[in-house]
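K.L.:
My structure is stored as my_file_38.pdb, with PDB, C-alpha atoms.
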```
ATOM      1  CA  MET A 973     102.056 197.223 120.999
ATOM      2  CA  LYS A 974     105.570 197.680 119.744
ATOM      3  CA  ARG A 975     107.844 199.130 122.393
ATOM      4  CA  ASP A 976     110.846 201.328 121.871
ATOM      5  CA  GLN A 977     114.341 200.205 122.749
ATOM      6  CA  SER A 978     114.328 203.043 125.233
ATOM      7  CA  ASP A 979     111.345 201.527 127.046
ATOM      8  CA  ILE A 980     112.987 199.997 130.065
ATOM      9  CA  VAL A 981     111.945 197.991 133.063
ATOM     10  CA  ASN A 982     112.910 199.871 136.201
ATOM     11  CA  ASN A 983     113.967 198.492 139.568
ATOM     12  CA  GLN A 984     110.401 198.095 140.784
ATOM     13  CA  GLY A 985     109.660 195.901 137.784
ATOM     14  CA  SER A 986     107.218 198.323 136.205
ATOM     15  CA  LEU A 987     107.662 199.362 132.602
ATOM     16  CA  SER A 988     108.987 202.846 132.008
ATOM     17  CA  VAL A 989     107.757 203.806 128.557
ATOM     18  CA  SER A 990     109.631 206.402 126.534
ATOM     19  CA  ASP A 991     107.983 209.687 125.581
ATOM     20  CA  GLU A 992     108.372 208.744 121.894
ATOM     21  CA  SER A 993     106.332 205.578 122.424
ATOM     22  CA  ILE A 994     103.670 207.451 124.379
ATOM     23  CA  ALA A 995     103.475 210.127 121.673
ATOM     24  CA  ARG A 996     103.077 207.436 119.001
ATOM     25  CA  LEU A 997     100.274 205.776 120.967
ATOM     26  CA  LEU A 998      98.593 209.120 121.523
ATOM     27  CA  CYS A 999      98.384 209.734 117.775
ATOM     28  CA  ASP A1000      96.947 206.278 117.174
ATOM     29  CA  ASP A1001      93.152 206.301 117.648
ATOM     30  CA  ASN A1002      93.167 202.660 118.743
ATOM     31  CA  HIS A1003      95.663 203.275 121.556
ATOM     32  CA  VAL A1004      94.767 206.727 122.758
ATOM     33  CA  GLU A1005      93.327 205.518 126.082
ATOM     34  CA  GLU A1006      96.464 203.486 126.750
ATOM     35  CA  ALA A1007      98.539 206.588 126.007
ATOM     36  CA  VAL A1008      96.488 208.646 128.462
ATOM     37  CA  ARG A1009      97.002 206.008 131.164
ATOM     38  CA  LEU A1010     100.752 206.036 130.520
ATOM     39  CA  ILE A1011     100.863 209.833 130.658
ATOM     40  CA  MET A1012      98.981 209.814 133.959
ATOM     41  CA  LYS A1013     101.365 207.180 135.322
ATOM     42  CA  LYS A1014     104.490 209.016 134.230
ATOM     43  CA  TYR A1015     103.476 212.682 134.457
ATOM     44  CA  GLY A1016     100.270 212.724 136.531
ATOM     45  CA  GLU A1017     102.005 213.531 139.798
ATOM     46  CA  PRO A1018     104.439 216.218 138.548
ATOM     47  CA  LEU A1019     101.613 217.838 136.569
ATOM     48  CA  TYR A1020      99.338 217.790 139.599
ATOM     49  CA  TRP A1021     101.967 219.504 141.759
ATOM     50  CA  HIS A1022     102.813 221.994 139.014
ATOM     51  CA  ILE A1023      99.135 222.958 138.806
ATOM     52  CA  ARG A1024      98.661 222.924 142.571
ATOM     53  CA  ARG A1025     101.572 225.300 143.090
ATOM     54  CA  MET A1026      99.822 227.686 140.711
ATOM     55  CA  VAL A1027      96.215 227.412 141.942
ATOM     56  CA  VAL A1028      96.914 226.298 145.565
ATOM     57  CA  ALA A1029      93.564 224.590 146.333
ATOM     58  CA  HIS A1030      93.334 220.842 145.734
ATOM     59  CA  ASP A1031      89.823 221.064 144.213
ATOM     60  CA  ASP A1032      91.035 223.594 141.655
ATOM     61  CA  ALA A1033      94.103 221.481 140.899
ATOM     62  CA  GLU A1034      91.824 218.499 140.372
ATOM     63  CA  ASP A1035      89.655 220.380 137.857
ATOM     64  CA  CYS A1036      92.716 221.726 136.044
ATOM     65  CA  LEU A1037      94.418 218.341 135.816
ATOM     66  CA  GLN A1038      91.284 216.711 134.442
ATOM     67  CA  GLU A1039      90.859 219.493 131.899
ATOM     68  CA  THR A1040      94.546 219.208 131.013
ATOM     69  CA  MET A1041      94.199 215.514 130.236
ATOM     70  CA  ILE A1042      91.029 216.026 128.200
ATOM     71  CA  ASN A1043      92.855 218.701 126.219
ATOM     72  CA  VAL A1044      95.766 216.314 125.713
ATOM     73  CA  TYR A1045      93.263 213.967 124.070
ATOM     74  CA  LYS A1046      91.433 216.674 122.105
ATOM     75  CA  TYR A1047      94.510 218.437 120.780
ATOM     76  CA  ARG A1048      96.816 215.437 120.385
ATOM     77  CA  SER A1049      97.102 216.110 116.664
ATOM     78  CA  THR A1050      98.818 219.434 117.460
ATOM     79  CA  TYR A1051     101.685 217.702 119.281
ATOM     80  CA  SER A1052     104.910 218.038 117.371
ATOM     81  CA  ASN A1053     108.183 216.188 117.881
ATOM     82  CA  GLU A1054     109.837 219.593 117.812
ATOM     83  CA  TYR A1055     109.104 219.820 121.549
ATOM     84  CA  SER A1056     109.404 217.176 124.211
ATOM     85  CA  LEU A1057     106.201 215.488 125.334
ATOM     86  CA  SER A1058     106.902 216.725 128.841
ATOM     87  CA  SER A1059     107.102 220.378 127.706
ATOM     88  CA  TRP A1060     103.885 220.006 125.727
ATOM     89  CA  LEU A1061     102.082 218.557 128.750
ATOM     90  CA  TYR A1062     103.413 221.261 131.067
ATOM     91  CA  LYS A1063     102.341 223.901 128.570
ATOM     92  CA  ILE A1064      98.766 222.611 128.530
ATOM     93  CA  ALA A1065      98.728 222.318 132.336
ATOM     94  CA  THR A1066     100.113 225.855 132.700
ATOM     95  CA  ASN A1067      97.484 227.245 130.321
ATOM     96  CA  GLU A1068      94.717 225.464 132.211
ATOM     97  CA  SER A1069      95.982 226.855 135.522
ATOM     98  CA  LEU A1070      96.118 230.379 134.103
ATOM     99  CA  LYS A1071      92.654 229.942 132.607
ATOM    100  CA  LEU A1072      91.250 228.976 136.007
ATOM    101  CA  LEU A1073      92.950 231.938 137.684
ATOM    102  CA  LYS A1074      91.727 234.257 134.942
ATOM    103  CA  ASN A1075      88.156 233.043 135.461
ATOM    104  CA  ARG A1076      88.606 233.575 139.181
ATOM    105  CA  SER A1077      89.888 237.119 138.734
ATOM    106  CA  GLY A1078      86.977 238.126 136.489
ATOM    107  CA  PHE A1079      86.936 241.039 134.076
ATOM    108  CA  THR A1080      87.955 243.769 136.479
ATOM    109  CA  MET A1081      91.133 242.222 137.921
ATOM    110  CA  SER A1082      94.199 240.584 136.461
ATOM    111  CA  VAL A1083      95.534 237.181 137.488
ATOM    112  CA  ASP A1084      98.323 238.965 139.368
ATOM    113  CA  ASP A1085      95.748 240.631 141.623
ATOM    114  CA  LEU A1086      94.814 237.246 143.077
ATOM    115  CA  GLY A1087      98.043 237.054 145.103
ATOM    116  CA  ASP A1088      96.502 237.864 148.489
ATOM    117  CA  SER A1089      93.617 235.426 148.154
ATOM    118  CA  LEU A1090      95.996 232.691 146.959
ATOM    119  CA  LYS A1091      98.312 233.452 149.870
ATOM    120  CA  ASP A1092      95.404 233.041 152.308
ATOM    121  CA  SER A1093      94.538 229.689 150.715
ATOM    122  CA  VAL A1094      98.071 228.405 151.343
ATOM    123  CA  ARG A1095      97.560 228.265 155.107
ATOM    124  CA  GLU A1096      94.047 226.819 154.736
ATOM    125  CA  GLU A1097      95.300 224.066 152.449
ATOM    126  CA  ALA A1098      98.495 223.253 154.361
ATOM    127  CA  SER A1099      98.688 220.039 156.401
ATOM    128  CA  PRO A1100      98.410 220.632 160.162
ATOM    129  CA  ASN A1101     101.973 219.412 160.742
ATOM    130  CA  ALA A1102     103.531 221.214 157.773
ATOM    131  CA  ASP A1103     106.852 222.979 158.237
ATOM    132  CA  GLU A1104     106.360 226.724 158.801
ATOM    133  CA  THR A1105     109.171 227.695 156.393
ATOM    134  CA  LEU A1106     107.562 225.607 153.645
ATOM    135  CA  ILE A1107     104.267 227.401 154.243
ATOM    136  CA  LEU A1108     106.040 230.766 154.092
ATOM    137  CA  LEU A1109     107.727 229.710 150.863
ATOM    138  CA  GLN A1110     104.342 228.846 149.304
ATOM    139  CA  GLU A1111     102.867 232.126 150.535
ATOM    140  CA  ALA A1112     105.738 234.018 148.941
ATOM    141  CA  ILE A1113     105.241 232.105 145.688
ATOM    142  CA  ALA A1114     101.484 232.809 145.777
ATOM    143  CA  LEU A1115     102.202 236.543 145.925
ATOM    144  CA  LEU A1116     104.439 236.500 142.829
ATOM    145  CA  PRO A1117     103.136 237.731 139.466
ATOM    146  CA  ALA A1118     101.981 234.765 137.345
ATOM    147  CA  LYS A1119     104.961 234.806 134.978
ATOM    148  CA  GLN A1120     107.551 234.877 137.784
ATOM    149  CA  LYS A1121     105.601 232.173 139.605
ATOM    150  CA  MET A1122     105.610 229.871 136.576
ATOM    151  CA  VAL A1123     109.305 230.336 135.904
ATOM    152  CA  PHE A1124     110.276 229.911 139.546
ATOM    153  CA  ASN A1125     108.188 226.751 140.007
ATOM    154  CA  LEU A1126     109.401 225.121 136.809
ATOM    155  CA  ARG A1127     113.029 225.825 137.633
ATOM    156  CA  TYR A1128     113.044 225.321 141.401
ATOM    157  CA  TYR A1129     110.656 222.370 141.769
ATOM    158  CA  ASP A1130     110.658 220.684 138.372
ATOM    159  CA  ASP A1131     114.343 221.242 137.605
ATOM    160  CA  LYS A1132     113.539 222.424 134.101
ATOM    161  CA  SER A1133     116.232 224.042 132.009
ATOM    162  CA  TYR A1134     115.613 227.554 130.692
ATOM    163  CA  GLU A1135     115.293 226.039 127.232
ATOM    164  CA  GLU A1136     112.477 223.769 128.438
ATOM    165  CA  ILE A1137     110.830 226.648 130.299
ATOM    166  CA  HIS A1138     111.025 228.647 127.075
ATOM    167  CA  GLN A1139     109.107 225.840 125.322
ATOM    168  CA  ILE A1140     106.453 225.932 128.047
ATOM    169  CA  VAL A1141     106.121 229.651 128.786
ATOM    170  CA  GLY A1142     107.278 231.080 125.483
ATOM    171  CA  ASP A1143     109.460 233.985 126.624
ATOM    172  CA  SER A1144     113.110 234.359 125.675
ATOM    173  CA  VAL A1145     115.717 232.693 127.871
ATOM    174  CA  ASN A1146     117.039 236.059 129.050
ATOM    175  CA  THR A1147     113.569 237.220 130.090
ATOM    176  CA  LEU A1148     113.061 233.934 131.927
ATOM    177  CA  LYS A1149     116.358 234.338 133.767
ATOM    178  CA  THR A1150     115.347 237.843 134.820
ATOM    179  CA  ASN A1151     111.959 236.577 135.997
ATOM    180  CA  TYR A1152     113.626 233.836 138.028
ATOM    181  CA  HIS A1153     116.091 236.274 139.567
ATOM    182  CA  TYR A1154     113.299 238.655 140.677
ATOM    183  CA  ALA A1155     111.196 235.770 141.970
ATOM    184  CA  VAL A1156     114.045 234.424 144.114
ATOM    185  CA  GLN A1157     114.720 237.874 145.541
ATOM    186  CA  LYS A1158     111.069 238.484 146.424
ATOM    187  CA  ILE A1159     110.746 235.045 148.017
ATOM    188  CA  LYS A1160     113.874 235.499 150.119
ATOM    189  CA  ASP A1161     112.692 238.927 151.270
ATOM    190  CA  TYR A1162     109.251 237.600 152.182
ATOM    191  CA  ILE A1163     110.601 234.661 154.181
ATOM    192  CA  LEU A1164     113.147 236.805 156.035
ATOM    193  CA  GLU A1165     110.437 239.323 156.840
ATOM    194  CA  HIS A1166     107.917 236.765 158.126
ATOM    195  CA  GLN A1167     110.168 234.138 159.700
ATOM    196  CA  LEU A1168     110.060 234.081 163.477
TER     197      LEU A1168
ATOM    198  CA  MET B 605     122.987 241.569 155.379
ATOM    199  CA  LYS B 606     121.094 238.432 156.433
ATOM    200  CA  GLU B 607     120.674 235.998 153.503
ATOM    201  CA  PHE B 608     118.132 233.187 153.239
ATOM    202  CA  ASP B 609     119.401 229.912 151.718
ATOM    203  CA  LEU B 610     116.624 228.981 149.332
ATOM    204  CA  GLU B 611     118.610 226.216 147.665
ATOM    205  CA  GLY B 612     119.089 224.438 150.970
ATOM    206  CA  LEU B 613     115.340 224.282 151.575
ATOM    207  CA  SER B 614     113.387 221.035 151.161
ATOM    208  CA  ARG B 615     111.403 220.742 147.899
ATOM    209  CA  GLU B 616     108.573 219.140 149.855
ATOM    210  CA  MET B 617     105.136 220.697 149.671
ATOM    211  CA  PRO B 618     103.160 221.678 152.782
ATOM    212  CA  TYR B 619     100.044 220.123 151.208
ATOM    213  CA  LYS B 620      98.954 216.529 150.804
ATOM    214  CA  MET B 621      97.550 214.827 147.765
ATOM    215  CA  PRO B 622      94.542 212.639 148.690
ATOM    216  CA  GLU B 623      95.190 208.906 148.608
ATOM    217  CA  HIS B 624      94.373 207.144 145.291
ATOM    218  CA  PHE B 625      93.729 210.560 143.761
ATOM    219  CA  LEU B 626      95.762 209.895 140.607
ATOM    220  CA  ASP B 627      94.288 206.423 140.052
ATOM    221  CA  ASP B 628      90.746 207.794 140.395
ATOM    222  CA  MET B 629      91.601 210.709 138.123
ATOM    223  CA  THR B 630      93.019 208.336 135.492
ATOM    224  CA  GLU B 631      89.799 206.297 135.465
ATOM    225  CA  ARG B 632      87.662 209.435 135.249
ATOM    226  CA  VAL B 633      89.711 210.851 132.377
ATOM    227  CA  VAL B 634      89.698 207.559 130.467
ATOM    228  CA  ALA B 635      85.919 207.273 130.966
ATOM    229  CA  GLN B 636      85.397 210.823 129.721
ATOM    230  CA  ILE B 637      87.618 210.206 126.706
ATOM    231  CA  GLY B 638      85.612 207.051 125.987
ATOM    232  CA  LYS B 639      82.424 209.159 125.986
ATOM    233  CA  GLU B 640      84.023 211.797 123.759
ATOM    234  CA  ARG B 641      85.108 209.115 121.303
ATOM    235  CA  LYS B 642      81.621 207.566 121.287
ATOM    236  CA  HIS B 643      80.035 210.964 120.622
ATOM    237  CA  ARG B 644      82.569 211.633 117.887
ATOM    238  CA  THR B 645      81.788 208.283 116.231
ATOM    239  CA  GLU B 646      78.048 209.009 116.470
ATOM    240  CA  ARG B 647      78.568 212.471 114.992
ATOM    241  CA  ARG B 648      80.584 210.935 112.147
ATOM    242  CA  ILE B 649      77.864 208.362 111.431
ATOM    243  CA  VAL B 650      75.173 211.070 111.417
ATOM    244  CA  ALA B 651      77.329 213.213 109.106
ATOM    245  CA  LEU B 652      77.884 210.201 106.846
ATOM    246  CA  PHE B 653      74.143 209.486 106.652
ATOM    247  CA  ALA B 654      73.415 213.171 106.048
ATOM    248  CA  SER B 655      75.922 213.216 103.166
ATOM    249  CA  ALA B 656      74.499 209.994 101.744
ATOM    250  CA  ALA B 657      70.955 211.402 102.013
ATOM    251  CA  SER B 658      72.047 214.603 100.235
ATOM    252  CA  VAL B 659      73.650 212.622  97.424
ATOM    253  CA  ALA B 660      70.546 210.442  97.147
ATOM    254  CA  ALA B 661      68.274 213.505  97.074
ATOM    255  CA  VAL B 662      70.316 215.123  94.305
ATOM    256  CA  ALA B 663      70.385 211.847  92.351
ATOM    257  CA  LEU B 664      66.599 211.474  92.719
ATOM    258  CA  LEU B 665      66.069 214.986  91.465
ATOM    259  CA  PHE B 666      67.772 214.079  88.206
ATOM    260  CA  LEU B 667      66.442 210.550  87.810
ATOM    261  CA  HIS B 668      62.853 210.977  88.955
ATOM    262  CA  PRO B 669      60.190 211.495  86.213
ATOM    263  CA  PHE B 670      59.416 214.854  87.826
ATOM    264  CA  GLY B 671      63.095 215.800  87.685
ATOM    265  CA  THR B 672      64.224 218.161  84.946
ATOM    266  CA  SER B 673      65.494 215.343  82.761
ATOM    267  CA  GLY B 674      62.464 213.163  83.521
ATOM    268  CA  LEU B 675      59.822 215.812  82.679
ATOM    269  CA  ASN B 676      60.010 214.962  79.015
ATOM    270  CA  ILE B 677      58.974 218.455  77.968
ATOM    271  CA  PRO B 678      58.572 218.436  74.179
ATOM    272  CA  ASP B 679      60.649 220.958  72.310
ATOM    273  CA  TYR B 680      59.232 223.303  69.610
ATOM    274  CA  GLU B 681      59.913 220.900  66.750
ATOM    275  CA  SER B 682      58.135 217.983  68.344
ATOM    276  CA  ILE B 683      55.144 220.264  69.177
ATOM    277  CA  SER B 684      54.943 221.470  65.590
ATOM    278  CA  GLN B 685      54.931 217.857  64.417
ATOM    279  CA  CYS B 686      51.952 217.005  66.658
ATOM    280  CA  ALA B 687      48.706 216.147  64.982
ATOM    281  CA  SER B 688      45.886 218.664  65.294
ATOM    282  CA  VAL B 689      42.982 217.982  67.721
ATOM    283  CA  ASP B 690      40.625 217.380  64.800
ATOM    284  CA  GLU B 691      42.972 214.733  63.373
ATOM    285  CA  VAL B 692      43.087 212.981  66.725
ATOM    286  CA  LEU B 693      39.309 213.049  67.048
ATOM    287  CA  GLN B 694      38.908 211.608  63.580
ATOM    288  CA  ASN B 695      41.096 208.634  64.508
ATOM    289  CA  MET B 696      39.198 207.860  67.726
ATOM    290  CA  THR B 697      36.967 204.792  68.052
ATOM    291  CA  ALA B 698      33.296 205.156  68.991
ATOM    292  CA  ASP B 699      34.025 204.181  72.618
ATOM    293  CA  GLU B 700      36.866 206.706  72.859
ATOM    294  CA  LEU B 701      34.652 209.422  71.422
ATOM    295  CA  GLY B 702      31.970 208.535  74.002
ATOM    296  CA  VAL B 703      34.458 208.936  76.862
ATOM    297  CA  TYR B 704      35.819 212.175  75.333
ATOM    298  CA  SER B 705      32.363 213.752  75.016
ATOM    299  CA  MET B 706      31.475 212.657  78.574
ATOM    300  CA  MET B 707      34.652 214.270  79.940
ATOM    301  CA  SER B 708      34.141 217.392  77.849
ATOM    302  CA  ASN B 709      30.640 217.795  79.301
ATOM    303  CA  TYR B 710      31.922 217.147  82.780
ATOM    304  CA  TYR B 711      34.683 219.795  82.580
ATOM    305  CA  GLY B 712      32.393 222.173  80.704
ATOM    306  CA  ASN B 713      34.427 222.166  77.494
TER     307      ASN B 713
END
```
Take the structure in the file and give it back as structure tokens.

P.N.:
Amino acid sequence: MKRDQSDIVNNQGSLSVSDESIARLLCDDNHVEEAVRLIMKKYGEPLYWHIRRMVVAHDDAEDCLQETMINVYKYRSTYSNEYSLSSWLYKIATNESLKLLKNRSGFTMSVDDLGDSLKDSVREEASPNADETLILLQEAIALLPAKQKMVFNLRYYDDKSYEEIHQIVGDSVNTLKTNYHYAVQKIKDYILEHQL
Amino acid sequence: MKEFDLEGLSREMPYKMPEHFLDDMTERVVAQIGKERKHRTERRIVALFASAASVAAVALLFLHPFGTSGLNIPDYESISQCASVDEVLQNMTADELGVYSMMSNYYGN
């Protein structure tokens, strides 16, 4: 396989392959499995945590991540260089998370109505020695409406720019900023209210 | 008013990811993609054979003696040029006439 000049060997000696190279491999039927392995190596962990922050339970995150990767394979022809590979992957992962939550909420409720049940799952899923403030933070995030939750997570945990979040979520930058502002306020209020 | 410093908070998660989870997931995904690809190849082969069979069927329809072009249906002119039954009978040999009369009796003609 021909590597890009931007493919570099990092300090640990493992090859860090550029997104352009991965995208090229993904579109090549003979290298698609290699591309999937590279995506899992480079983005598997951030995607897992992005999904887990949305759905909370590990088992759900597992299903969503697997479905995300299968969709990456199925819909690889729809990937366009217009967006970064990372944004495209996050978009698929976000859609899968929302799909799972939508299925969970059924016909009568909206995804935003799942807040309380997601909040309850946070404590069940948390490690026994987890920091209480971190648990409170996740509870507060679980209670947010889906859109605010997505924007907050992508900005706070994944350090995404508003432009990247726009590519993933689709709303205008101003709407995203407003969503982030409201999310931060609600989270702060929740933690202050529940902190001992 | 009391303010909470969100930015100063650790980005750590209160959950754990099971050990080897990502490696196992990678193998599962690659295996599933392998299956999908195999099914896709099989579907393509079946579609290819189906197309080939359709083409062959259409070709047979036109080339077979029972096909429209193979029926050899005489047009009006060629029918009008046919000899009459009496003429044909007159030109038959004794053996042929014997067979003809036998068949005529058999079919009641």

K.L.:
Starting from chain B, keep only residues with some atom at most 12 Å from an atom of chain A, counting only C-alpha atoms, and report them as an NGL selection string.

P.N.:
:B and (605-622 or 624-641 or 644-645)

K.L.:
Measure the distance from CA of Asn1146 in chain A to CA of Phe1124 in chain A in Å and round it to one decimal.

P.N.:
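The value is 13.9 Å.
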
K.L.:
Go ahead and fit an axis-aligned box to every listed atom of range 627-641 of chain B plus 8 Å each side, and pass me the centre and edge lengths in Å, one decimal, as JSON.

P.N.:
```
{"center_x": 88.4, "center_y": 209.0, "center_z": 130.8, "size_x": 27.9, "size_y": 21.5, "size_z": 35.1}
```

K.L.:
In Å to one decimal, how far is CA of Ser1093 in chain A from CA of Val1141 in chain A?

P.N.:
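Value for the CA of Val1141 in chain A-CA of Ser1093 in chain A distance: 24.8 Å.
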
K.L.:
For the structure shown, which residues end up in the PyMOL selection byres ((chain A and resi 1122) around 9)? Put them as a list in words, please?

P.N.:
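Applied to this file, the PyMOL selection byres ((chain A and resi 1122) around 9) returns His1022, Arg1025, Met1026, Thr1066, Pro1117, Ala1118, Lys1119, Gln1120, Lys1121, Val1123, Phe1124, Asn1125, Leu1126, Arg1127, Ile1137 and Val1141 of chain A.
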
K.L.:
Report, in Å with one decimal, the straight-line distance from CA of Met696 in chain B to CA of Tyr711 in chain B.

P.N.:
19.6 Å

K.L.:
Counting only C-alpha atoms, figure out which residue out of A:Val1027, A:Gly1078, A:Glu1136, A:Ser1049 gets nearest to Ala1114 in chain A.

P.N.:
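Once distances to Ala1114 in chain A are computed over only C-alpha atoms, the minimum belongs to A:Val1027.
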
K.L.:
Give the answer as one residue: which of A:Lys1014, A:Glu1111, A:Ser1059, A:Thr1050 has the shortest atom-to-atom distance to Ser1133 in chain A, using only C-alpha atoms?

P.N.:
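Of all the options, A:Ser1059 lies closest to Ser1133 in chain A.
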